[in-house]
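Peer 1: One file: upload-v9.tsv (TSV, C-alpha atoms).
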```
chain	number	residue	atom	x	y	z
C	316	LEU	CA	87.98	117.94	76.49
C	317	THR	CA	91.73	118.40	76.07
C	318	ASP	CA	92.74	122.10	76.07
C	319	LYS	CA	89.21	123.19	76.98
C	320	VAL	CA	88.77	125.48	80.00
C	321	ALA	CA	85.98	124.70	82.49
C	322	ILE	CA	84.93	126.85	85.45
C	323	ILE	CA	82.92	124.78	87.93
C	324	THR	CA	80.83	126.60	90.52
C	325	GLY	CA	79.36	124.88	93.55
C	326	GLY	CA	82.38	122.60	93.82
C	327	ALA	CA	83.17	122.80	97.54
C	328	GLY	CA	81.07	119.84	98.60
C	329	ILE	CA	83.09	116.64	98.23
C	330	ASN	CA	79.93	114.61	97.72
C	331	GLY	CA	78.21	117.12	95.42
C	332	LEU	CA	77.56	117.26	91.71
C	333	GLY	CA	79.90	120.23	91.19
C	334	PHE	CA	82.99	118.48	92.52
C	335	ALA	CA	82.07	115.23	90.73
C	336	THR	CA	81.78	117.19	87.47
C	337	ALA	CA	85.15	118.83	88.07
C	338	ARG	CA	86.76	115.43	88.67
C	339	LEU	CA	85.27	114.05	85.45
C	340	MET	CA	86.32	117.02	83.33
C	341	ALA	CA	89.86	117.01	84.74
C	342	ALA	CA	90.13	113.30	83.97
C	343	GLN	CA	89.08	114.06	80.38
C	344	GLY	CA	91.85	116.60	79.92
C	345	ALA	CA	90.10	119.91	80.60
C	346	ARG	CA	91.70	122.75	82.54
C	347	VAL	CA	89.34	123.11	85.49
C	348	ALA	CA	88.81	125.92	87.99
C	349	VAL	CA	86.67	124.92	90.98
C	350	LEU	CA	84.89	127.75	92.81
C	351	ASP	CA	82.31	127.89	95.58
C	352	LEU	CA	80.89	130.18	98.23
C	353	ALA	CA	79.63	127.41	100.49
C	354	GLY	CA	81.74	125.56	103.03
C	355	ALA	CA	82.98	122.07	102.28
C	356	GLU	CA	82.08	119.00	104.24
C	357	PRO	CA	82.46	117.62	106.78
C	358	ALA	CA	80.51	119.78	109.23
C	359	GLY	CA	82.08	118.06	112.23
C	360	GLY	CA	81.02	115.31	114.58
C	361	PRO	CA	81.82	111.60	114.58
C	362	VAL	CA	82.50	109.73	111.35
C	363	THR	CA	82.85	106.05	110.62
C	364	PRO	CA	86.27	104.71	109.50
C	365	GLY	CA	84.92	104.26	105.98
C	366	GLN	CA	83.56	107.79	105.87
C	367	PHE	CA	86.84	109.19	107.19
C	368	THR	CA	88.89	107.64	104.40
C	369	LEU	CA	86.41	108.57	101.68
C	370	GLN	CA	86.22	112.17	102.86
C	371	PHE	CA	89.97	112.45	103.31
C	372	GLN	CA	90.82	111.26	99.80
C	373	ALA	CA	88.14	113.51	98.29
C	374	LEU	CA	89.31	116.57	100.24
C	375	LEU	CA	92.93	115.92	99.31
C	376	GLY	CA	92.02	115.62	95.65
C	377	GLN	CA	89.96	118.79	95.88
C	378	HIS	CA	92.85	120.61	97.58
C	379	THR	CA	95.18	119.64	94.75
C	380	MET	CA	92.88	121.04	92.07
C	381	LEU	CA	92.23	124.24	94.00
C	382	ALA	CA	95.92	124.78	94.77
C	383	ALA	CA	96.85	124.37	91.11
C	384	ASP	CA	94.09	126.80	90.07
C	385	MET	CA	95.26	129.31	92.68
C	386	MET	CA	98.87	129.08	91.46
C	387	ARG	CA	97.86	129.49	87.82
C	388	GLY	CA	95.72	132.50	88.62
C	389	ARG	CA	98.64	134.12	90.42
C	390	ILE	CA	101.07	133.31	87.58
C	391	ARG	CA	98.88	134.94	84.93
C	392	ASN	CA	98.11	137.85	87.26
C	393	ASP	CA	94.40	137.04	87.48
C	394	PRO	CA	93.67	138.09	91.08
C	395	ASP	CA	89.95	137.26	90.92
C	396	VAL	CA	90.53	133.59	90.12
C	397	ALA	CA	93.50	133.37	92.48
C	398	GLN	CA	91.55	134.88	95.37
C	399	ALA	CA	88.45	132.76	94.74
C	400	ALA	CA	90.56	129.60	94.63
C	401	ASN	CA	92.46	130.70	97.74
C	402	ALA	CA	89.20	131.23	99.64
C	403	ALA	CA	88.00	127.79	98.59
C	404	ILE	CA	91.33	126.28	99.71
C	405	GLY	CA	90.80	127.88	103.13
C	406	LYS	CA	87.44	126.16	103.43
C	407	ASN	CA	88.99	122.91	102.27
C	408	THR	CA	91.68	123.23	104.96
C	409	ASP	CA	89.03	123.87	107.60
C	410	ALA	CA	87.17	120.78	106.44
C	411	LEU	CA	90.34	118.67	106.72
C	412	GLY	CA	90.92	120.01	110.23
C	413	LYS	CA	87.35	119.09	111.26
C	414	LEU	CA	87.78	115.63	109.78
C	415	PHE	CA	91.01	115.05	111.70
C	416	ALA	CA	89.42	116.36	114.88
C	417	ALA	CA	86.58	113.86	114.47
C	418	GLU	CA	88.86	110.87	113.88
C	419	LEU	CA	92.24	111.72	115.48
C	420	GLY	CA	91.24	114.25	118.15
C	421	ALA	CA	91.40	118.00	118.65
C	422	ASP	CA	95.14	118.03	119.42
C	423	ALA	CA	95.92	116.36	116.10
C	424	ALA	CA	93.74	118.83	114.23
C	425	GLN	CA	95.42	121.78	115.97
C	426	THR	CA	98.82	120.44	114.92
C	427	PHE	CA	97.82	119.68	111.34
C	428	THR	CA	95.86	122.79	110.37
C	429	PRO	CA	98.62	125.43	110.71
C	430	LEU	CA	101.09	123.12	108.94
C	431	TRP	CA	98.71	122.62	106.03
C	432	SER	CA	97.94	126.34	105.89
C	433	GLY	CA	101.67	127.07	105.81
C	434	HIS	CA	102.07	124.61	102.98
C	435	VAL	CA	99.38	126.50	101.01
C	436	THR	CA	101.06	129.83	101.77
C	437	GLY	CA	104.36	128.48	100.45
C	438	LEU	CA	102.71	127.39	97.19
C	439	PHE	CA	101.06	130.81	96.87
C	440	ASN	CA	104.38	132.59	97.42
C	441	TYR	CA	106.12	130.35	94.90
C	442	ALA	CA	103.50	131.11	92.24
C	443	ARG	CA	103.69	134.83	92.99
C	444	GLY	CA	107.48	134.77	92.60
C	445	LEU	CA	107.18	132.69	89.44
C	446	GLY	CA	104.71	135.13	87.92
C	447	ALA	CA	106.97	138.08	88.73
C	448	GLY	CA	110.16	136.32	87.65
C	449	ASP	CA	111.53	136.78	91.18
C	450	GLU	CA	113.95	133.90	91.69
C	451	THR	CA	114.74	134.97	95.26
C	452	ALA	CA	111.08	134.79	96.23
C	453	MET	CA	110.76	131.41	94.52
C	454	ALA	CA	113.78	130.03	96.39
C	455	GLN	CA	112.46	131.29	99.73
C	456	ALA	CA	109.05	129.78	99.04
C	457	LYS	CA	110.61	126.43	98.10
C	458	LEU	CA	112.57	126.45	101.36
C	459	GLN	CA	109.37	127.19	103.30
C	460	VAL	CA	107.52	124.37	101.56
C	461	THR	CA	110.39	121.91	102.12
C	462	GLN	CA	110.54	122.66	105.84
C	463	ILE	CA	106.78	122.17	106.21
C	464	GLU	CA	106.97	119.05	104.03
C	465	ASP	CA	109.20	117.42	106.65
C	466	LYS	CA	106.86	118.39	109.52
C	467	LEU	CA	103.82	117.08	107.65
C	468	ALA	CA	105.63	113.77	107.10
C	469	ASP	CA	106.30	113.60	110.85
C	470	PHE	CA	102.62	114.27	111.54
C	471	PHE	CA	101.36	111.53	109.24
C	472	ALA	CA	103.94	109.00	110.42
C	473	ASP	CA	103.22	109.78	114.09
C	474	HIS	CA	99.47	109.23	113.61
C	475	SER	CA	99.71	106.08	111.48
C	476	HIS	CA	99.72	103.54	114.34
C	477	GLY	CA	103.13	102.34	113.18
C	478	GLN	CA	101.87	101.54	109.68
C	479	LEU	CA	103.71	104.35	107.88
C	480	GLY	CA	107.39	105.15	108.20
C	481	LYS	CA	108.77	108.68	108.10
C	482	GLN	CA	110.45	108.11	104.74
C	483	GLN	CA	107.26	106.74	103.18
C	484	ALA	CA	105.29	109.69	104.47
C	485	LEU	CA	107.94	112.13	103.24
C	486	GLU	CA	107.92	110.62	99.76
C	487	GLY	CA	104.15	110.91	99.56
C	488	VAL	CA	104.08	114.54	100.69
C	489	ALA	CA	107.01	115.42	98.41
C	490	ASP	CA	105.29	113.87	95.38
C	491	HIS	CA	102.18	115.92	96.08
C	492	ILE	CA	104.15	119.17	96.37
C	493	ASN	CA	106.37	118.42	93.37
C	494	HIS	CA	103.35	117.87	91.13
C	495	LEU	CA	102.03	121.30	92.11
C	496	LEU	CA	105.37	123.04	91.64
C	497	ASP	CA	106.03	121.30	88.33
C	498	GLN	CA	102.65	122.12	86.83
C	499	ALA	CA	103.18	125.76	87.86
C	500	ASP	CA	106.64	125.87	86.23
C	501	GLN	CA	105.24	124.36	83.04
C	502	TYR	CA	102.27	126.74	83.04
C	503	ALA	CA	104.55	129.76	83.45
C	504	ALA	CA	106.65	128.47	80.55
C	505	LYS	CA	103.43	128.32	78.45
C	506	ASP	CA	103.78	124.56	78.03
C	507	TYR	CA	100.09	124.15	78.70
C	508	GLU	CA	99.82	120.60	77.39
C	509	LYS	CA	102.51	119.35	79.73
C	510	SER	CA	101.17	121.46	82.61
C	511	ASP	CA	97.69	120.02	82.16
C	512	ALA	CA	99.09	116.48	82.10
C	513	THR	CA	100.96	117.17	85.36
C	514	TYR	CA	97.77	118.73	86.80
C	515	ARG	CA	95.88	115.49	86.11
C	516	GLU	CA	98.72	113.33	87.43
C	517	GLY	CA	98.79	115.40	90.61
C	518	TYR	CA	95.06	114.97	91.12
C	519	ALA	CA	95.24	111.21	90.51
C	520	HIS	CA	98.18	110.92	92.92
C	521	ALA	CA	96.36	112.92	95.60
C	522	PHE	CA	93.19	110.88	95.27
C	523	THR	CA	94.82	107.43	95.25
C	524	GLY	CA	97.47	108.49	97.78
C	525	GLY	CA	94.73	109.88	99.99
C	526	GLN	CA	93.10	106.48	100.04
C	527	ALA	CA	96.30	104.79	101.23
C	528	LEU	CA	97.18	107.54	103.71
C	529	GLY	CA	93.64	107.72	105.05
C	530	ALA	CA	93.71	103.98	105.70
C	531	ALA	CA	97.07	104.33	107.47
C	532	LEU	CA	95.60	106.91	109.84
C	533	LEU	CA	93.06	104.33	110.99
C	534	THR	CA	93.88	101.40	113.22
C	535	PRO	CA	94.60	98.17	111.30
C	536	THR	CA	91.22	96.81	112.34
C	537	GLN	CA	89.39	99.96	111.23
C	538	ALA	CA	91.30	100.07	107.94
C	539	LYS	CA	89.87	96.70	106.86
C	540	VAL	CA	86.73	98.52	105.74
C	541	THR	CA	88.71	100.00	102.83
C	542	GLU	CA	89.23	96.48	101.48
C	543	THR	CA	85.51	95.75	101.13
C	544	PRO	CA	83.87	95.82	97.66
C	545	SER	CA	81.20	98.29	98.81
C	546	TRP	CA	83.80	100.77	100.07
C	547	ARG	CA	85.90	100.46	96.91
C	548	LEU	CA	82.82	101.09	94.79
C	549	ARG	CA	81.99	104.24	96.76
C	550	SER	CA	85.60	105.39	96.45
C	551	ALA	CA	85.54	104.99	92.67
C	552	LEU	CA	82.31	106.92	92.19
```
Can the structure in the file be given as C-alpha cells, please?

Peer 2:
Amino acid sequence: LTDKVAIITGGAGINGLGFATARLMAAQGARVAVLDLAGAEPAGGPVTPGQFTLQFQALLGQHTMLAADMMRGRIRNDPDVAQAANAAIGKNTDALGKLFAAELGADAAQTFTPLWSGHVTGLFNYARGLGAGDETAMAQAKLQVTQIEDKLADFFADHSHGQLGKQQALEGVADHINHLLDQADQYAAKDYEKSDATYREGYAHAFTGGQALGAALLTPTQAKVTETPSWRLRSAL
C-alpha cells in the first residue's frame, strides 16, 4: 500500500474496525486520514489496570495519526481535512482526559487536558506557519510546544509512582513531538516517501511508548498485568 492514500471513516473508537483498519493500512505504508463524527472511548467510569493501559496506548497512537493528518491538511491548505482531523483530535483529547480521571483522579485529568490541548494547538500553529512559509510563526509554535513538552514530562513523572524520571519522561514526549514536526517538514518539502516513513515511525513509537508509559502510571503491583500473555495478545491485536 506504499504511496496509496486511504481515508478511514468511523475511526474514533479505539476498539472499532475503523481504527483497526487505519492501523493496518498505516503499517503497510499507506497515507491514512482517520475521520469520525462519533466520540471516542472511553465513556468514563472505572477501568481495570489492564484496560487503562490498553486504552491509553491506543488513544496515543490514534492521536499521533490524527495530529499528522491535521498538520498535512493545514500544510496543503485543505481546510476540510484539517478541520475534520482537528475535531477528531478534540474528541481524542477528551477521551484521554476521561481515562486519566478514571485511573488517576479528576485533579490529574484537569491538569493534563489543557496541557495536551496546548500541545495540539502548538502543532497546528507550526503546520500553519510551515504552509505559509512564515518562519516567525514556526519559531513561536516550536517555543510553545517545547514549553508544554517540559510540563507534560513533569506531569508523567509526577504520576509514575517513582517509576519514571523527569529526563526519561522528557525524552519520550520529545520523541513524540519530533516525529510529528519532522514528518510535517518532510511533507512540506514534498519528500512524501520520507514523510510517510516518519509518520509510521511516529505511530509505532506512540503505540509502544504508550504501553510503557501507561504501565508506569499504574502502581508496580497493578502494572504486572501488562506482563501477562493474555494482556500482550490483546495489546498486539

Peer 1: Distance atom CA of Glu542 of chain C-atom CA of Gly412 of chain C, one decimal place?

Peer 2: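 Here the two named atoms are 25.2 Å from each other.
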
Peer 1: Nearest residue to Ala484 of chain C out of C:Asp409, C:Asp422, C:Asp469, C:Asp393, using all atoms listed in the file?

Peer 2: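 Once distances to Ala484 of chain C are computed over all atoms listed in the file, the minimum belongs to C:Asp469.
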
Peer 1: Have a look at atom CA of Lys406 of chain C and atom CA of Met386 of chain C and let me know their distance in Å, one decimal.

Peer 2: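 Those two atoms sit 16.8 Å apart.
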
Peer 1: As an exercise, work out the distance from atom CA of Val435 of chain C to atom CA of Asn407 of chain C in Å and give it to one decimal place.

Peer 2: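 Spanning atom CA of Val435 of chain C to atom CA of Asn407 of chain C is a straight-line distance of 11.1 Å.
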
Peer 1: Counting only C-alpha atoms, which residues sit no farther than 8 Å from the position (93.0, 125.9, 109.3) in the file's frame? I'd like them as a ChimeraX atom specification.

Peer 2: /C:405,408-409,412,428-429,431-432
